[in-house]
Each structure stands twice: as C-alpha cells, then as structure tokens.
Amino acid sequence: MNYLQAEKISKSYRENPLFESLSLTVEKNQKLALIARNGAGKSSLLRILAREEEPDSGMVNTVQGLTIGYLRQDPLLYDQLEVIEQVLFSLPHLSNAIKNYEEAIYSGDPALLEKSILEMDRLNAWDCESRIKEVLSKLKIGDLTQKVGELSGGQRKRIALATVLVPQPDLLILDEPTNHLDLDMIEWLEEYLGQSFITVLMVTHDRYFLDRVCTEILELNDKTLYRYKGNYQVYLDKRQERIEWDQKQADKAGSAMKKEQEWVHRMPQARGTKPKYRIEAFERLREESKKEYQAEMGDISLMTRRMGKKVLDLYDLSKSYDDLLLFRDFSYKFQRFEKIGMIGPNGIGKSTFLSIITGALQPDSGRIDVGTTIKFGIYRQEGIEFNPEDKVIDVVRKIAEEIDLGPGRSMSASQFLELFLFPRSVQYGQVEKLSGGEKRRLYLLTVLMTNPNFLILDEPTNDLDILTLNVLEDYLLRFAGSVIIVSHDRYFMDKVVDHLFVFEGGGVIRDFPGNYSIYRDHKEVERQQALKIAPPKEKKVKPKTESAKRKFTYKERVEFETLGREIAALEEEKRNIENSLSSGVTPPEELHRMSLRIGEVISLLDEKELRWLELSEVEE
C-alpha cells in the first residue's frame, strides 16, 4: 500500500534550488534512510513530506486517514511547561479527543458521546496517559513534573521523541533522531524502529543505526533523488558505480562536444545549411559535459605541529557538583598519537572532563601538566557563534589568509574552503544562509586550520553528513597527533579510536583497551555471566547450563495462579465498561467514573500480563 506519494516537487531557498521535480513513494512497512550533503535540502524535503511546509511546485498525496509523526532536527519545546504537559501539548489530536469525550459525558448527548467514543477508539486514546508514562520510562525520563527548561539537550530530544512515538502513527518521519542521545538510548530506539509493523523515513548520520533499521537508502545529490535497495555497504558500492558511470558519460559528452564545436564554429552561412536537429544535439551535449559531479572532500591532511615526548599528564583529578560525583582521583599519562574515545550516559561528566584538561574549568583537586609543545584544537559540542552577517570566506580569513600545509606548501583561504566543499558561490554568501550542518563543517574547518597536535572533539558527528564524516575519519586516522573524542556515533568510534575512557558513574572512569563494539561485546559477556546462578562453593553441585529452566518456587506458583484469575477478572471488567460506555443509557456521572476506571484497568492488565508472561517461562 502506498502511504505517501510525492510528485515532481521542487524547492528553492533564497533563489538557490535545493531540488527539482523530485518524485518519491513511501509504502507501508518500508524503512527508508535519506542521505545527502549538508545544505542539499534533506530537512526541507522531510518538512514537505510531513506537510509542515509547501513545495514551490508539485504535490504530496497521502492515503486517506494517514497519521504522520514528524521529529524535527531541532524540536520546538516550551521551557515553562512540565514534561507531561509538553507531551500532551505536542499531541493536540489526542488531547482534543480526550477533551471532547469528557465534554460529551457531561452533555448527556448520546450521539455526541458515540462520536467521541469512535474518535477515542480510532486514536487509541483510552490509555493515553499510561502510554506516555511507559514511553518516557523507556526513554529514562522519570520526573514528569520537571520543567522542560531544566532539561539537558539529550533529555529534550527524548521528550521530542516521546511526542512522536506515543501516538503510534502510521508513518514516522525522523530528522537526525540519534542526535544528543546516549548509546543506550540509540540502541533502544533502533530496536524499537526495527519492528516489522513500523514505517519509517529518516535522515541519520549514524551508519550502524541506519544499517540496523533501514533496508533502502535514498540519496539526494545534484538536485536528483537516487534509490538503492540494501544496507549501507551496498549503497556505497552502488553509489561508486553510479559516479564512475556518470563520469564516463560526461567524458564521452565532452569528446563529442569538441567535434561538434568545430562544426558549430564554422562560418554562419555554413551553419545555416546544417540540419536544426544537429544544432539542438550540440546544445544537449554541451549541457551534459558541463554537468557537475561533486567529488568527495579532498585530502585534508595539514601540517601538524611537532609533538615532544611529554604530552599531557593527569594526577588524581576529582570533580563534583553538589552531591553528584563525576570522577575521583583519576590519573593518566597521554602518549603521542593515541586516539581515545569517551563514552557514558549524558550528564555523567564527559564534557566537564574535557573542559578541565583544556583549562576552561578547574578541578576540585588534582593536577594537570601539559607538555610545552602541545597545541590544542578544541571542537565544542555547543559549537561557535558566527556573526550571521559575515561572509563565509571572511570567517576563514580572520584566522589566516594562507593555510600552512607543510614544507613549501600553502593554500589560500578560498582554496581551503573549496577543499571543505564550500564552492566560491557559497564563500561570498553570508553565514546565515548556511544550513546547520554546513555551519558545523565551517566550525570544524576553523579548528583544523590552526594546525593543532592534540585534538579535543566533543560530539563532532552531530549534524555532519555521512560523506563529510567519512573524510573526517580518514583525516583522524592519518593525524600525527593525539585525539580525544566524545561521540555517540558507534561506527565513527569503531573506525577511529584505539581505546576508551568509560564513565561508569560513581566517580569511576575505566580505561578499556578496544573500540566500542569490542566493549559492547565485553559488557554483554559480563551481563550473561552475572545472570548465571553460581552454586555455593561448599556444595558440589553441577552448575546449571544457560538452557536449563529453573523450577517454580511455592510463592511463584501461587502468584502465577492468582494472576490468571486477576487477568480474567480485569478483562471482564474492561468488556463491561466498554459496553456501558457505548450503550448511550449510562448517566453522565457514571460515564465519567467509568472513563477514569478504564484507563486504570488497561494499565493493570498490561502490568499483570507482563508478569504472567515472565512467570510462564518458568517450569512448573
């Protein structure tokens, strides 16, 4: 079934065409990922498909009654609202359905009540509040009365996610859903979206997330949409084949054009005697040969400052905020050229740690000794505030007119910008015209061009497109200096880092020898071992195998039998309430009481059925 169909849609931004005459179909249960360079129009395309924005031309059609959940890259939240209020405020259709139902109860109008009940059924709104609490608990948001303005960036992103997941829409359109989420949340979300009945169209730079959720990739390039069936590796292979084919066609067109040009440039009277179709063919060849096939970012290897033997020594560093202990007595001696990844939940102290080692923040205790040859290059999570009225090239020229590439090599500011995919037409435009991802790329450029030998990168992958990430990864692998990276992009971390600083909480930072995937496998082994029930040492009892099922305890047998009776009674009560609600003869006061009770019954059923399923796995 076709859920959504876009036909020949076009969009320009400030006279700059983003895409032209694009057509796209999203079918039920499809899981699509959209890939493009920053500034190519990904977010604009998603807004148009989500009916948040109109195209300049073309149309978007959806199947009748289709519900869409749209997650913006920068969600609009209200600081003054409580968490539960924000979620309800973001779900006006559910809130209105509940409000209309309550008004119908008090009105005593059977026709109005029947209509409101049908709407509650259609939106599955009976257990709305319990569903909100369930999703927020999965997203590790516990305090529903906390003000939105008090939340961290990661918590705000999770609130926004809840607003699109709670209604269980037919189609999810997600713009960078993993930004600002910690690794546990990303893994939970990819498992949730991977379910077969969910239809997804998303933009993401997280390649593991893309691979594990999506089965088809759309690439927006040169104002054209290309479609690839398969995972990320299949996409890379097929895309390279397409680029090579396009380049061959452009080369052929260029050769043919030279021959035709000789003919076209002859005397006017000779041209006038030639067939018109040949002149038209020449014009087509000229356009084909002029077609730009965007190359990847070039080699961004820059000269790295000489690094002495002493890099950075940390002695017994500790830091707390009130009762929150971030780390205690942490010591480490950094080696030349090592690349360290930092992982841990949001709010556990990773950014604070980076601020301390670079001198932006003081520790509560401990000492930092920086080598005399060390030059930090710091990319901060919050980014940098550019003057929006500055020209892009002026941002670079304020740092240096010429960029030193090593002995006898240099590059102008304009050439350097081109290397980072800022063509001259963009360089002389204002910074405010850049997309969020392009501003991030410009910020990265300003960090690298200072020739640091110790890079501190706090969430460098947020908002960067996948193609830029590939080049940044290659640059870091060749970088002749030390690197510390905080990132929730597992693919990026696996490719770049040698070992990890794992922030485990309680003031502990663990040095783990390996990348994220190795660490994840190690943690899974630890978890499985912890689940095994070891026999007491004094008893020579053969250890149970993982496949062996344990027996019911007496209390569990009683609980299991009781649950069966309670579930049956609750299901009977639920049926009776539903019959009363739809009968049209129940008094308004009783209807109000029943509408409150049915939510409680549904919540109790979910809880007891889950426990019953857990116990049913145990042998009697």
# chains A, B, ... in the order shown; residues from 1 in each chain; ligands from 1
>>> residues_around(residues="segment 427-439 of chain A", least_positions_apart="4", cutoff="6 Å", atoms="only C-alpha atoms", output="ChimeraX atom specification")
/A:38-39,388-393,463-464
>>> write_last_selection(atoms="C-alpha atoms", output="compact mmCIF listing (two decimals), in the first residue's frame")
# COMPACT_ATOMS: atom_id res chain seq x y z
CA ASN A 38 24.67 19.28 4.32
CA GLY A 39 22.75 22.05 2.60
CA PRO A 388 25.48 35.77 10.72
CA GLU A 389 26.23 38.78 8.51
CA ASP A 390 29.86 37.75 7.89
CA LYS A 391 30.77 36.25 4.54
CA VAL A 392 31.90 32.62 4.76
CA ILE A 393 35.34 33.45 3.39
CA ASP A 463 24.76 17.44 12.18
CA LEU A 464 27.60 16.41 9.85
>>> residues_around(residues="Asn100 of chain A", least_positions_apart="5", cutoff="9 Å", atoms="only C-alpha atoms", output="ChimeraX atom specification")
/A:95,105,112-113,116
>>> write_last_selection(atoms="N, CA and C atoms", output="short mmCIF file (atom, residue, chain, number, x, y, z; two decimals), in the first residue's frame")
data_model
loop_
_atom_site.label_atom_id
_atom_site.label_comp_id
_atom_site.auth_asym_id
_atom_site.auth_seq_id
_atom_site.Cartn_x
_atom_site.Cartn_y
_atom_site.Cartn_z
N SER A 95 -5.17 15.10 22.75
CA SER A 95 -5.71 15.96 23.81
C SER A 95 -7.13 16.40 23.49
N ILE A 105 -19.52 13.38 27.82
CA ILE A 105 -20.05 12.70 29.01
C ILE A 105 -20.95 13.65 29.80
N LEU A 112 -23.46 12.62 20.51
CA LEU A 112 -22.13 13.25 20.70
C LEU A 112 -21.18 12.29 21.40
N LEU A 113 -21.72 11.53 22.36
CA LEU A 113 -20.90 10.57 23.10
C LEU A 113 -20.42 9.45 22.17
N SER A 116 -17.65 10.75 20.02
CA SER A 116 -16.38 10.93 20.74
C SER A 116 -15.74 9.58 21.07
#
>>> residues_around(residues="segment 182-190 of chain A", least_positions_apart="5", cutoff="8 Å", atoms="only C-alpha atoms", output="list in words")
Leu139, Gly154, Phe209, Arg212, Val213, Gly344, Pro345, Asn346 and His488 of chain A
>>> write_last_selection(atoms="C-alpha atoms", output="tab-separated table (two decimals), in the first residue's frame")
chain	number	residue	atom	x	y	z
A	139	LEU	CA	13.45	6.87	27.39
A	154	GLY	CA	19.66	14.83	25.48
A	209	PHE	CA	21.68	2.82	13.24
A	212	ARG	CA	20.12	-1.97	11.61
A	213	VAL	CA	16.86	-0.11	10.91
A	344	GLY	CA	28.95	7.15	29.11
A	345	PRO	CA	25.39	8.38	29.69
A	346	ASN	CA	24.51	12.03	29.13
A	488	HIS	CA	27.57	8.62	20.27
>>> closest_residue(among="A:Leu161, A:Leu314, A:Leu66, A:Ile84", to="Leu123 of chain A", atoms="only C-alpha atoms")
A:Leu66
>>> atom_distance(atom1="atom CA of Asn29 of chain A", atom2="atom CA of Asn231 of chain A")
16.3 Å
>>> atom_distance(atom1="atom CA of Leu18 of chain A", atom2="atom CA of Arg72 of chain A")
18.6 Å
>>> residues_around(residues="Lys333 of chain A", least_positions_apart="2", cutoff="9 Å", atoms="only C-alpha atoms", output="list in words")
Lys310, Val311, Leu312, Asp313, Leu314, Tyr315, Ser331 and Gln335 of chain A
>>> write_last_selection(atoms="C-alpha atoms", output="PDB file, in the first residue's frame")
ATOM      1  CA  LYS A 310      55.641  14.817  27.059  1.00  0.00           C
ATOM      2  CA  VAL A 311      52.012  15.190  26.013  1.00  0.00           C
ATOM      3  CA  LEU A 312      49.525  15.546  28.876  1.00  0.00           C
ATOM      4  CA  ASP A 313      49.725  14.137  32.406  1.00  0.00           C
ATOM      5  CA  LEU A 314      46.753  13.997  34.782  1.00  0.00           C
ATOM      6  CA  TYR A 315      47.267  13.449  38.511  1.00  0.00           C
ATOM      7  CA  SER A 331      45.299   9.761  36.786  1.00  0.00           C
ATOM      8  CA  GLN A 335      51.005   9.081  24.836  1.00  0.00           C
TER       9      GLN A 335
END
>>> residues_around(residues="Glu54 of chain A", least_positions_apart="2", cutoff="12 Å", atoms="only C-alpha atoms", output="list in words")
Ala6, Ile9, Ser10, Lys11, Ser12, Ser44, Leu45, Leu46, Arg47, Ile48, Leu49, Ala50, Arg51, Glu52, Asp56, Ser57, Gly58, Met59 and Val60 of chain A
>>> atom_distance(atom1="atom CA of Lys133 of chain A", atom2="atom CA of Glu103 of chain A")
24.3 Å
>>> residues_around(residues="segment 516-532 of chain A", least_positions_apart="2", cutoff="7 Å", atoms="only C-alpha atoms", output="PyMOL selection string")
chain A and resi 490+493-494+514+534
>>> closest_residue(among="A:Tyr321, A:Lys229, A:Asp206, A:Glu338", to="Thr461 of chain A", atoms="only C-alpha atoms")
A:Asp206
>>> residues_around(residues="segment 597-611 of chain A", least_positions_apart="6", cutoff="9 Å", atoms="only C-alpha atoms", output="JSON, numbers by chain")
{"A": [126, 127, 128, 129, 130, 131, 560, 563, 564, 566, 567, 570, 571, 573, 574, 577, 578]}
>>> select_by_dssp(residues="segment 322-454 of chain A", states="strand (DSSP E)", output="number ranges by chain")
A: 324-334, 339-343, 365-370, 376-379, 402-406, 409-412, 454
>>> select_by_dssp(residues="segment 333-528 of chain A", states="alpha helix (DSSP H)", output="JSON, numbers by chain")
{"A": [350, 351, 352, 353, 354, 355, 356, 357, 392, 393, 394, 395, 396, 397, 413, 414, 415, 416, 417, 418, 419, 424, 425, 426, 427, 436, 437, 438, 439, 440, 441, 442, 443, 444, 445, 446, 447, 448, 466, 467, 468, 469, 470, 471, 472, 473, 474, 475, 476, 477, 478, 490, 491, 492, 493, 494, 495, 496, 516, 517, 518, 519, 520, 521, 522, 523, 524, 525, 526, 527, 528]}
>>> closest_residue(among="A:Val87, A:Ile485, A:Ile198, A:Ile378", to="Val166 of chain A", atoms="only C-alpha atoms")
A:Val87
>>> decode(residues="segment 162-245 of chain A", atoms="C-alpha atoms", output="short mmCIF file (atom, residue, chain, number, x, y, z; two decimals), in the first residue's frame")
data_model
loop_
_atom_site.label_atom_id
_atom_site.label_comp_id
_atom_site.auth_asym_id
_atom_site.auth_seq_id
_atom_site.Cartn_x
_atom_site.Cartn_y
_atom_site.Cartn_z
CA ALA A 162 8.12 10.65 23.03
CA THR A 163 5.72 13.06 21.33
CA VAL A 164 6.08 11.19 18.01
CA LEU A 165 6.20 7.65 19.45
CA VAL A 166 3.26 7.84 21.89
CA PRO A 167 0.53 8.27 19.23
CA GLN A 168 1.89 5.25 17.29
CA PRO A 169 1.47 7.00 13.90
CA ASP A 170 1.27 5.13 10.60
CA LEU A 171 4.41 6.86 9.29
CA LEU A 172 7.40 8.15 11.24
CA ILE A 173 9.47 10.92 9.60
CA LEU A 174 12.61 11.46 11.69
CA ASP A 175 15.27 14.12 11.17
CA GLU A 176 18.51 13.02 12.92
CA PRO A 177 16.77 11.05 15.71
CA THR A 178 20.06 9.95 17.33
CA ASN A 179 21.50 13.45 17.86
CA HIS A 180 22.10 14.10 21.59
CA LEU A 181 21.02 10.57 22.59
CA ASP A 182 23.40 8.42 24.60
CA LEU A 183 24.39 4.96 23.35
CA ASP A 184 21.84 3.04 25.43
CA MET A 185 19.01 5.18 24.08
CA ILE A 186 20.24 4.80 20.49
CA GLU A 187 20.29 1.02 20.83
CA TRP A 188 16.80 1.01 22.37
CA LEU A 189 15.48 3.24 19.56
CA GLU A 190 16.97 1.12 16.78
CA GLU A 191 15.39 -1.98 18.32
CA TYR A 192 12.02 -0.20 18.56
CA LEU A 193 12.09 1.11 14.98
CA GLY A 194 13.30 -2.22 13.65
CA GLN A 195 9.91 -3.81 14.39
CA SER A 196 8.26 -5.01 11.20
CA PHE A 197 5.00 -3.05 11.52
CA ILE A 198 6.61 0.41 11.72
CA THR A 199 7.03 2.55 8.57
CA VAL A 200 9.99 4.95 8.74
CA LEU A 201 11.60 7.64 6.61
CA MET A 202 14.58 9.21 8.33
CA VAL A 203 17.72 11.28 7.96
CA THR A 204 20.60 9.99 10.08
CA HIS A 205 24.39 10.16 10.07
CA ASP A 206 24.66 7.10 12.37
CA ARG A 207 25.66 4.33 9.99
CA TYR A 208 25.14 1.44 12.43
CA PHE A 209 21.68 2.82 13.24
CA LEU A 210 20.96 3.17 9.52
CA ASP A 211 22.14 -0.37 8.80
CA ARG A 212 20.12 -1.97 11.61
CA VAL A 213 16.86 -0.11 10.91
CA CYS A 214 16.65 0.70 7.19
CA THR A 215 16.51 -1.61 4.17
CA GLU A 216 16.55 1.07 1.48
CA ILE A 217 18.61 4.23 1.01
CA LEU A 218 17.68 7.40 -0.87
CA GLU A 219 20.48 9.76 -1.90
CA LEU A 220 19.72 13.38 -2.75
CA ASN A 221 22.55 14.60 -4.97
CA ASP A 222 22.78 17.30 -7.63
CA LYS A 223 19.06 18.09 -7.12
CA THR A 224 18.22 14.46 -8.07
CA LEU A 225 17.00 11.55 -5.94
CA TYR A 226 18.68 8.14 -6.34
CA ARG A 227 17.32 4.95 -4.78
CA TYR A 228 19.36 1.96 -3.54
CA LYS A 229 17.91 -1.24 -2.08
CA GLY A 230 20.11 -2.75 0.60
CA ASN A 231 22.26 -1.71 3.53
CA TYR A 232 24.91 0.99 3.87
CA GLN A 233 27.70 -1.08 2.30
CA VAL A 234 25.51 -1.89 -0.71
CA TYR A 235 24.77 1.81 -1.02
CA LEU A 236 28.49 2.70 -1.01
CA ASP A 237 29.25 0.13 -3.73
CA LYS A 238 26.31 1.08 -5.95
CA ARG A 239 26.91 4.79 -5.49
CA GLN A 240 30.53 4.44 -6.58
CA GLU A 241 29.40 2.53 -9.67
CA ARG A 242 26.94 5.32 -10.48
CA ILE A 243 29.56 8.06 -10.06
CA GLU A 244 32.03 6.21 -12.30
CA TRP A 245 29.33 5.67 -14.94
#
